[in-house]
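Here is start_28.pdb, consisting of PDB, C-alpha atoms:
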ATOM      1  CA  MET H  90     146.741  83.381 104.310  1.00  0.00           C
ATOM      2  CA  ASP H  91     144.098  84.509 106.847  1.00  0.00           C
ATOM      3  CA  LEU H  92     144.260  87.668 108.926  1.00  0.00           C
ATOM      4  CA  GLU H  93     145.397  85.839 112.033  1.00  0.00           C
ATOM      5  CA  GLY H  94     148.295  84.282 110.123  1.00  0.00           C
ATOM      6  CA  LEU H  95     149.343  87.625 108.693  1.00  0.00           C
ATOM      7  CA  ILE H  96     149.477  89.191 112.137  1.00  0.00           C
ATOM      8  CA  GLY H  97     151.410  86.252 113.532  1.00  0.00           C
ATOM      9  CA  GLY H  98     153.848  86.416 110.615  1.00  0.00           C
ATOM     10  CA  GLY H  99     154.370  90.120 111.113  1.00  0.00           C
ATOM     11  CA  LEU H 100     155.122  89.668 114.785  1.00  0.00           C
ATOM     12  CA  THR H 101     157.514  86.812 113.998  1.00  0.00           C
ATOM     13  CA  LEU H 102     159.349  89.072 111.557  1.00  0.00           C
ATOM     14  CA  LEU H 103     159.608  91.736 114.218  1.00  0.00           C
ATOM     15  CA  GLY H 104     160.912  89.097 116.595  1.00  0.00           C
ATOM     16  CA  GLY H 105     163.673  88.199 114.129  1.00  0.00           C
ATOM     17  CA  VAL H 106     164.703  91.810 113.922  1.00  0.00           C
ATOM     18  CA  ALA H 107     164.589  92.153 117.690  1.00  0.00           C
ATOM     19  CA  LYS H 108     166.961  89.188 118.132  1.00  0.00           C
ATOM     20  CA  ARG H 109     169.630  91.139 116.325  1.00  0.00           C
ATOM     21  CA  ALA H 110     168.904  94.312 118.247  1.00  0.00           C
ATOM     22  CA  PRO H 111     170.413  95.360 121.570  1.00  0.00           C
ATOM     23  CA  LEU H 112     168.522  94.243 124.688  1.00  0.00           C
ATOM     24  CA  ALA H 113     166.949  91.367 122.718  1.00  0.00           C
ATOM     25  CA  ALA H 114     166.425  89.367 125.899  1.00  0.00           C
ATOM     26  CA  ASP H 115     164.142  92.101 127.206  1.00  0.00           C
ATOM     27  CA  VAL H 116     162.252  92.727 123.966  1.00  0.00           C
ATOM     28  CA  LEU H 117     161.438  89.144 122.905  1.00  0.00           C
ATOM     29  CA  PRO H 118     159.193  88.277 125.879  1.00  0.00           C
ATOM     30  CA  LEU H 119     157.250  91.467 125.299  1.00  0.00           C
ATOM     31  CA  LEU H 120     156.779  90.610 121.622  1.00  0.00           C
ATOM     32  CA  ALA H 121     155.555  87.126 122.522  1.00  0.00           C
ATOM     33  CA  ASP H 122     152.996  88.569 124.924  1.00  0.00           C
ATOM     34  CA  ALA H 123     151.895  91.078 122.298  1.00  0.00           C
ATOM     35  CA  GLU H 124     151.485  88.331 119.703  1.00  0.00           C
ATOM     36  CA  ARG H 125     149.294  86.252 121.983  1.00  0.00           C
ATOM     37  CA  ALA H 126     147.179  89.271 122.908  1.00  0.00           C
ATOM     38  CA  VAL H 127     146.650  90.308 119.281  1.00  0.00           C
ATOM     39  CA  VAL H 128     145.739  86.768 118.228  1.00  0.00           C
ATOM     40  CA  ARG H 129     143.182  86.505 121.044  1.00  0.00           C
ATOM     41  CA  VAL H 130     141.597  89.818 120.069  1.00  0.00           C
ATOM     42  CA  MET H 131     141.432  88.926 116.370  1.00  0.00           C
ATOM     43  CA  ARG H 132     140.033  85.469 117.079  1.00  0.00           C
ATOM     44  CA  LYS H 133     137.245  87.025 119.158  1.00  0.00           C
ATOM     45  CA  HIS H 134     136.608  89.617 116.445  1.00  0.00           C
ATOM     46  CA  LEU H 135     136.297  86.964 113.731  1.00  0.00           C
ATOM     47  CA  THR H 136     133.999  84.896 115.928  1.00  0.00           C
ATOM     48  CA  ASP H 137     131.728  87.900 116.438  1.00  0.00           C
ATOM     49  CA  LEU H 138     131.590  88.478 112.683  1.00  0.00           C
ATOM     50  CA  ASP H 139     130.651  84.869 111.947  1.00  0.00           C
ATOM     51  CA  PRO H 140     128.951  83.433 115.030  1.00  0.00           C
ATOM     52  CA  PRO H 141     128.292  79.705 115.139  1.00  0.00           C
ATOM     53  CA  ALA H 142     124.859  78.549 114.096  1.00  0.00           C
ATOM     54  CA  ALA H 143     122.394  78.657 116.938  1.00  0.00           C
ATOM     55  CA  VAL H 144     121.383  75.307 118.281  1.00  0.00           C
ATOM     56  CA  THR H 145     117.649  74.904 117.886  1.00  0.00           C
ATOM     57  CA  ALA H 146     115.327  72.213 119.065  1.00  0.00           C
ATOM     58  CA  ASP H 147     114.164  69.653 116.583  1.00  0.00           C
ATOM     59  CA  ASP H 148     111.119  70.797 114.588  1.00  0.00           C
ATOM     60  CA  ASP H 149     109.248  67.657 115.565  1.00  0.00           C
ATOM     61  CA  GLU H 150     109.777  68.484 119.233  1.00  0.00           C
ATOM     62  CA  GLN H 151     108.530  72.057 118.765  1.00  0.00           C
ATOM     63  CA  ALA H 152     105.382  71.134 116.817  1.00  0.00           C
ATOM     64  CA  ALA H 153     102.339  70.380 118.904  1.00  0.00           C
ATOM     65  CA  SER H 154     100.894  66.909 118.549  1.00  0.00           C
ATOM     66  CA  PRO H 155      97.279  66.470 117.376  1.00  0.00           C
ATOM     67  CA  ASN H 156      96.349  65.493 120.929  1.00  0.00           C
ATOM     68  CA  GLN H 157      97.920  68.650 122.372  1.00  0.00           C
ATOM     69  CA  LEU H 158      96.231  70.838 119.777  1.00  0.00           C
ATOM     70  CA  LEU H 159      92.824  69.291 120.473  1.00  0.00           C
ATOM     71  CA  ARG H 160      93.269  69.722 124.218  1.00  0.00           C
ATOM     72  CA  THR H 161      94.259  73.364 123.712  1.00  0.00           C
ATOM     73  CA  LEU H 162      91.150  74.020 121.628  1.00  0.00           C
ATOM     74  CA  LEU H 163      88.905  72.284 124.166  1.00  0.00           C
ATOM     75  CA  ASP H 164      90.465  74.258 127.012  1.00  0.00           C
ATOM     76  CA  ARG H 165      89.954  77.512 125.120  1.00  0.00           C
ATOM     77  CA  SER H 166      86.323  76.629 124.429  1.00  0.00           C
ATOM     78  CA  MET H 167      85.635  76.341 128.167  1.00  0.00           C
ATOM     79  CA  TYR H 168      86.509  79.992 128.747  1.00  0.00           C
ATOM     80  CA  SER H 169      85.443  81.491 125.424  1.00  0.00           C
ATOM     81  CA  SER H 170      82.425  83.786 125.215  1.00  0.00           C
ATOM     82  CA  PRO H 171      80.035  83.714 122.235  1.00  0.00           C
ATOM     83  CA  ASP H 172      81.550  86.945 120.923  1.00  0.00           C
ATOM     84  CA  ARG H 173      85.093  85.592 121.098  1.00  0.00           C
ATOM     85  CA  SER H 174      84.037  82.334 119.456  1.00  0.00           C
ATOM     86  CA  ARG H 175      82.327  84.270 116.679  1.00  0.00           C
ATOM     87  CA  ASP H 176      85.407  86.423 116.153  1.00  0.00           C
ATOM     88  CA  ALA H 177      87.590  83.308 115.982  1.00  0.00           C
ATOM     89  CA  LEU H 178      85.298  81.845 113.315  1.00  0.00           C
ATOM     90  CA  TYR H 179      85.237  85.054 111.278  1.00  0.00           C
ATOM     91  CA  LEU H 180      89.017  85.435 111.465  1.00  0.00           C
ATOM     92  CA  ASP H 181      89.506  81.862 110.300  1.00  0.00           C
ATOM     93  CA  LEU H 182      87.090  82.345 107.390  1.00  0.00           C
ATOM     94  CA  LEU H 183      88.720  85.593 106.302  1.00  0.00           C
ATOM     95  CA  GLY H 184      92.151  84.000 106.577  1.00  0.00           C
ATOM     96  CA  SER H 185      90.992  81.274 104.193  1.00  0.00           C
ATOM     97  CA  LEU H 186      90.057  83.748 101.448  1.00  0.00           C
ATOM     98  CA  VAL H 187      92.301  85.051  98.697  1.00  0.00           C
ATOM     99  CA  PRO H 188      91.844  88.703  97.617  1.00  0.00           C
ATOM    100  CA  ASP H 189      89.789  87.800  94.532  1.00  0.00           C
ATOM    101  CA  GLU H 190      87.385  85.815  96.709  1.00  0.00           C
ATOM    102  CA  ALA H 191      86.999  88.816  99.000  1.00  0.00           C
ATOM    103  CA  ARG H 192      85.996  90.872  95.954  1.00  0.00           C
ATOM    104  CA  ILE H 193      83.370  88.273  95.039  1.00  0.00           C
ATOM    105  CA  LEU H 194      82.026  88.363  98.595  1.00  0.00           C
ATOM    106  CA  ALA H 195      81.775  92.145  98.331  1.00  0.00           C
ATOM    107  CA  ALA H 196      79.947  91.914  94.987  1.00  0.00           C
ATOM    108  CA  LEU H 197      77.404  89.499  96.466  1.00  0.00           C
ATOM    109  CA  SER H 198      76.988  91.391  99.737  1.00  0.00           C
ATOM    110  CA  ASP H 199      74.059  93.475  98.449  1.00  0.00           C
ATOM    111  CA  GLY H 200      72.014  90.314  97.904  1.00  0.00           C
ATOM    112  CA  SER H 201      72.468  90.221  94.128  1.00  0.00           C
ATOM    113  CA  ALA H 202      72.272  86.917  92.262  1.00  0.00           C
ATOM    114  CA  TYR H 203      74.569  85.987  89.386  1.00  0.00           C
ATOM    115  CA  PRO H 204      74.264  83.266  86.750  1.00  0.00           C
ATOM    116  CA  VAL H 205      76.168  80.020  87.230  1.00  0.00           C
ATOM    117  CA  ILE H 206      76.779  77.290  84.670  1.00  0.00           C
ATOM    118  CA  HIS H 207      77.880  73.687  85.163  1.00  0.00           C
ATOM    119  CA  VAL H 208      79.081  71.752  82.115  1.00  0.00           C
ATOM    120  CA  ALA H 209      78.521  67.991  82.187  1.00  0.00           C
ATOM    121  CA  GLU H 210      78.985  65.090  79.830  1.00  0.00           C
ATOM    122  CA  PRO H 211      75.815  64.177  77.913  1.00  0.00           C
ATOM    123  CA  GLY H 212      73.536  61.967  79.958  1.00  0.00           C
ATOM    124  CA  ALA H 213      70.554  62.013  82.236  1.00  0.00           C
ATOM    125  CA  GLY H 214      70.372  62.910  85.893  1.00  0.00           C
ATOM    126  CA  GLY H 215      73.238  63.506  88.273  1.00  0.00           C
ATOM    127  CA  ALA H 216      75.274  60.504  87.128  1.00  0.00           C
ATOM    128  CA  SER H 217      77.060  62.505  84.436  1.00  0.00           C
ATOM    129  CA  ALA H 218      80.647  63.569  85.001  1.00  0.00           C
ATOM    130  CA  TYR H 219      81.186  67.307  85.126  1.00  0.00           C
ATOM    131  CA  ALA H 220      83.858  68.976  83.031  1.00  0.00           C
ATOM    132  CA  LEU H 221      83.276  72.296  84.799  1.00  0.00           C
ATOM    133  CA  LYS H 222      81.300  73.533  87.779  1.00  0.00           C
ATOM    134  CA  ASN H 223      80.487  76.997  89.089  1.00  0.00           C
ATOM    135  CA  ALA H 224      81.404  79.101  86.076  1.00  0.00           C
ATOM    136  CA  SER H 225      79.883  82.536  86.656  1.00  0.00           C
ATOM    137  CA  THR H 226      79.925  86.148  85.578  1.00  0.00           C
ATOM    138  CA  VAL H 227      80.321  87.270  89.187  1.00  0.00           C
ATOM    139  CA  GLY H 228      84.114  87.191  88.906  1.00  0.00           C
ATOM    140  CA  ARG H 229      84.292  89.745  86.100  1.00  0.00           C
ATOM    141  CA  SER H 230      81.557  91.835  87.694  1.00  0.00           C
ATOM    142  CA  ALA H 231      83.548  91.904  90.933  1.00  0.00           C
ATOM    143  CA  GLY H 232      86.716  92.915  89.079  1.00  0.00           C
ATOM    144  CA  VAL H 233      88.817  89.926  90.111  1.00  0.00           C
ATOM    145  CA  SER H 234      92.402  89.767  88.884  1.00  0.00           C
ATOM    146  CA  LEU H 235      92.059  86.219  87.536  1.00  0.00           C
ATOM    147  CA  PRO H 236      88.570  85.809  86.027  1.00  0.00           C
ATOM    148  CA  ARG H 237      89.383  82.355  84.645  1.00  0.00           C
ATOM    149  CA  TYR H 238      89.634  81.079  88.221  1.00  0.00           C
ATOM    150  CA  THR H 239      86.107  82.191  89.135  1.00  0.00           C
ATOM    151  CA  PRO H 240      84.859  78.550  89.129  1.00  0.00           C
ATOM    152  CA  LEU H 241      87.578  77.647  91.631  1.00  0.00           C
ATOM    153  CA  TYR H 242      86.845  80.701  93.770  1.00  0.00           C
ATOM    154  CA  LEU H 243      83.143  79.854  93.981  1.00  0.00           C
ATOM    155  CA  THR H 244      83.890  76.200  94.741  1.00  0.00           C
ATOM    156  CA  ARG H 245      86.129  77.221  97.636  1.00  0.00           C
ATOM    157  CA  MET H 246      83.585  79.731  98.931  1.00  0.00           C
ATOM    158  CA  LEU H 247      80.862  77.091  98.763  1.00  0.00           C
ATOM    159  CA  ARG H 248      82.966  74.777 100.910  1.00  0.00           C
ATOM    160  CA  LEU H 249      83.406  77.582 103.438  1.00  0.00           C
ATOM    161  CA  GLY H 250      79.650  78.157 103.468  1.00  0.00           C
ATOM    162  CA  LEU H 251      79.912  81.781 102.311  1.00  0.00           C
ATOM    163  CA  VAL H 252      77.795  81.444  99.147  1.00  0.00           C
ATOM    164  CA  ARG H 253      74.921  79.242  98.045  1.00  0.00           C
ATOM    165  CA  ILE H 254      73.817  77.872  94.697  1.00  0.00           C
ATOM    166  CA  GLY H 255      70.180  78.362  93.732  1.00  0.00           C
ATOM    167  CA  PRO H 256      67.916  77.400  90.835  1.00  0.00           C
ATOM    168  CA  GLU H 257      68.071  78.844  87.346  1.00  0.00           C
ATOM    169  CA  ALA H 258      66.744  82.368  86.934  1.00  0.00           C
ATOM    170  CA  THR H 259      64.857  82.624  83.645  1.00  0.00           C
ATOM    171  CA  SER H 260      65.143  86.405  83.831  1.00  0.00           C
ATOM    172  CA  MET H 261      68.918  86.065  83.325  1.00  0.00           C
ATOM    173  CA  TYR H 262      68.717  84.619  79.808  1.00  0.00           C
ATOM    174  CA  ASP H 263      71.086  87.204  78.349  1.00  0.00           C
ATOM    175  CA  GLU H 264      73.590  86.709  81.181  1.00  0.00           C
ATOM    176  CA  TYR H 265      73.584  82.942  80.613  1.00  0.00           C
ATOM    177  CA  GLU H 266      74.174  83.438  76.896  1.00  0.00           C
ATOM    178  CA  MET H 267      77.067  85.769  77.639  1.00  0.00           C
ATOM    179  CA  LEU H 268      78.545  83.237  80.057  1.00  0.00           C
ATOM    180  CA  LEU H 269      78.414  80.568  77.338  1.00  0.00           C
ATOM    181  CA  THR H 270      80.887  82.646  75.306  1.00  0.00           C
ATOM    182  CA  ASP H 271      83.484  82.545  78.097  1.00  0.00           C
ATOM    183  CA  SER H 272      86.687  80.774  77.031  1.00  0.00           C
ATOM    184  CA  VAL H 273      86.748  78.533  80.122  1.00  0.00           C
ATOM    185  CA  VAL H 274      83.166  77.421  79.435  1.00  0.00           C
ATOM    186  CA  ASN H 275      83.929  76.805  75.752  1.00  0.00           C
ATOM    187  CA  ILE H 276      86.861  74.555  76.632  1.00  0.00           C
ATOM    188  CA  ALA H 277      84.639  72.605  79.021  1.00  0.00           C
ATOM    189  CA  LEU H 278      81.924  72.277  76.363  1.00  0.00           C
ATOM    190  CA  ALA H 279      84.447  70.804  73.934  1.00  0.00           C
ATOM    191  CA  THR H 280      85.904  68.495  76.594  1.00  0.00           C
ATOM    192  CA  ALA H 281      82.526  67.129  77.706  1.00  0.00           C
ATOM    193  CA  ARG H 282      81.227  66.541  74.189  1.00  0.00           C
ATOM    194  CA  ARG H 283      80.888  62.881  73.179  1.00  0.00           C
ATOM    195  CA  GLY H 284      80.896  62.550  69.403  1.00  0.00           C
ATOM    196  CA  VAL H 285      77.705  64.053  68.036  1.00  0.00           C
ATOM    197  CA  ARG H 286      76.290  64.356  71.535  1.00  0.00           C
ATOM    198  CA  ALA H 287      76.784  67.864  72.874  1.00  0.00           C
ATOM    199  CA  ALA H 288      77.738  68.583  76.442  1.00  0.00           C
ATOM    200  CA  ARG H 289      74.939  69.196  78.903  1.00  0.00           C
ATOM    201  CA  VAL H 290      74.644  72.716  80.313  1.00  0.00           C
ATOM    202  CA  VAL H 291      73.144  73.133  83.773  1.00  0.00           C
ATOM    203  CA  ARG H 292      72.037  76.657  84.662  1.00  0.00           C
ATOM    204  CA  ARG H 293      72.036  77.837  88.256  1.00  0.00           C
ATOM    205  CA  THR H 294      72.486  81.053  90.269  1.00  0.00           C
ATOM    206  CA  VAL H 295      74.794  82.080  93.095  1.00  0.00           C
ATOM    207  CA  ARG H 296      74.021  84.317  96.071  1.00  0.00           C
ATOM    208  CA  ILE H 297      75.686  85.160  99.345  1.00  0.00           C
ATOM    209  CA  SER H 298      74.752  82.800 102.187  1.00  0.00           C
ATOM    210  CA  ASP H 299      73.534  83.803 105.641  1.00  0.00           C
ATOM    211  CA  LEU H 300      76.992  83.088 107.055  1.00  0.00           C
ATOM    212  CA  GLY H 301      78.605  85.077 104.269  1.00  0.00           C
ATOM    213  CA  GLN H 302      76.311  88.016 104.995  1.00  0.00           C
ATOM    214  CA  GLU H 303      77.097  87.844 108.718  1.00  0.00           C
ATOM    215  CA  LEU H 304      80.813  87.800 107.953  1.00  0.00           C
ATOM    216  CA  TRP H 305      80.511  90.754 105.606  1.00  0.00           C
ATOM    217  CA  GLU H 306      78.522  92.834 108.085  1.00  0.00           C
ATOM    218  CA  ALA H 307      80.978  92.077 110.885  1.00  0.00           C
ATOM    219  CA  ALA H 308      84.124  92.773 108.887  1.00  0.00           C
ATOM    220  CA  LYS H 309      83.257  95.572 106.460  1.00  0.00           C
TER     221      LYS H 309
END
Would you write the structure of this file as structure tokens?
Amino acid sequence: MDLEGLIGGGLTLLGGVAKRAPLAADVLPLLADAERAVVRVMRKHLTDLDPPAAVTADDDEQAASPNQLLRTLLDRSMYSSPDRSRDALYLDLLGSLVPDEARILAALSDGSAYPVIHVAEPGAGGASAYALKNASTVGRSAGVSLPRYTPLYLTRMLRLGLVRIGPEATSMYDEYEMLLTDSVVNIALATARRGVRAARVVRRTVRISDLGQELWEAAK
């Protein structure tokens, strides 16, 4: 039985006793009024404890349409200064990075180059399918939490325009050899192999881009 029922039952019991008591005609109306008052108070109290779910507008109605979003951006561009536009770009770029990618950006910010290896199926030219792209030692050098995801980090940063891939650096022979012992690279080498034909290893380098350097200087 709920609390409201218990109170009502208690008052009913008191009413039964009052009927047998002297002056019952005077007491019973008072008990009835008291019962109604207590029930009203308890009902309000229970409602306050468990309020009804708020009525919200439909999510589709709240979300801006593509047309509205485009118009908003165009309107903002009319009144935006170069500095504000630059800040908006930098904030968007930084918001697209995960912490490990920020560490890579920091490691590259001094202009250093790091070895990069792509692993492709055996074949000539760019027609070969790649089993792995953008493996690099920069992740471990930067102290990232997930070194095995360095190829993904660099791929994402390339798409954002924060790093650039350059030609092989012959002076990094030892670094390339070390990179070839990486477990992710070894798996790709085994995957890309075709019978007796070994996978093709493409050596490159990675550096910070001009945009990446601008972002670093503005945000550091």
Query raised in the report: Given the file above and the PyMOL selection byres ((chain H and resi 203) around 10), which residues are selected, and can you give them as a list in words?
Result: Ala196, Leu197, Gly200, Ser201, Ala202, Pro204, Val205, Ser225, Thr226, Val227, Gly228, Ser230, Ile254, Gly255, Glu257, Ala258, Met261, Glu264, Tyr265, Arg293, Thr294, Val295 and Arg296 of chain H
Report task. Translate the PyMOL selection byres ((chain H and resi 220) around 8), as applied to the file shown, into an explicit residue set as JSON, numbers by chain. Result -> {"H": [207, 208, 209, 210, 218, 219, 221, 222, 277, 278, 280, 281]}
Query raised in the report: What lies within 10 Å of range 243-247 of chain H using only C-alpha atoms, ignoring chain neighbours under 4 positions off, as a PyMOL selection string?
Result: chain H and resi 182+185-186+190-191+193-194+205+222-225+227-228+238-239+251-254+295+297-298+301
Report summary line: In Å and to one decimal, CA of Pro240 in chain H is distant from CA of Ala288 in chain H by 17.6 Å
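For the set H:Val274, H:Leu158, H:Leu304, H:Ala153, the residue with the smallest atom-to-atom gap to Ala177 in chain H is H:Leu304, counting all atoms listed in the file.
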Centre, x/y/z edge lengths, axis-aligned box for range 159-169 of chain H with 6 Å per side, as AutoDock Vina command-line options:
--center_x 89.9 --center_y 75.4 --center_z 124.6 --size_x 20.8 --size_y 24.2 --size_z 20.3
Report summary line: The distance between CA of Asn275 in chain H and CA of Ala231 in chain H is 21.4 Å
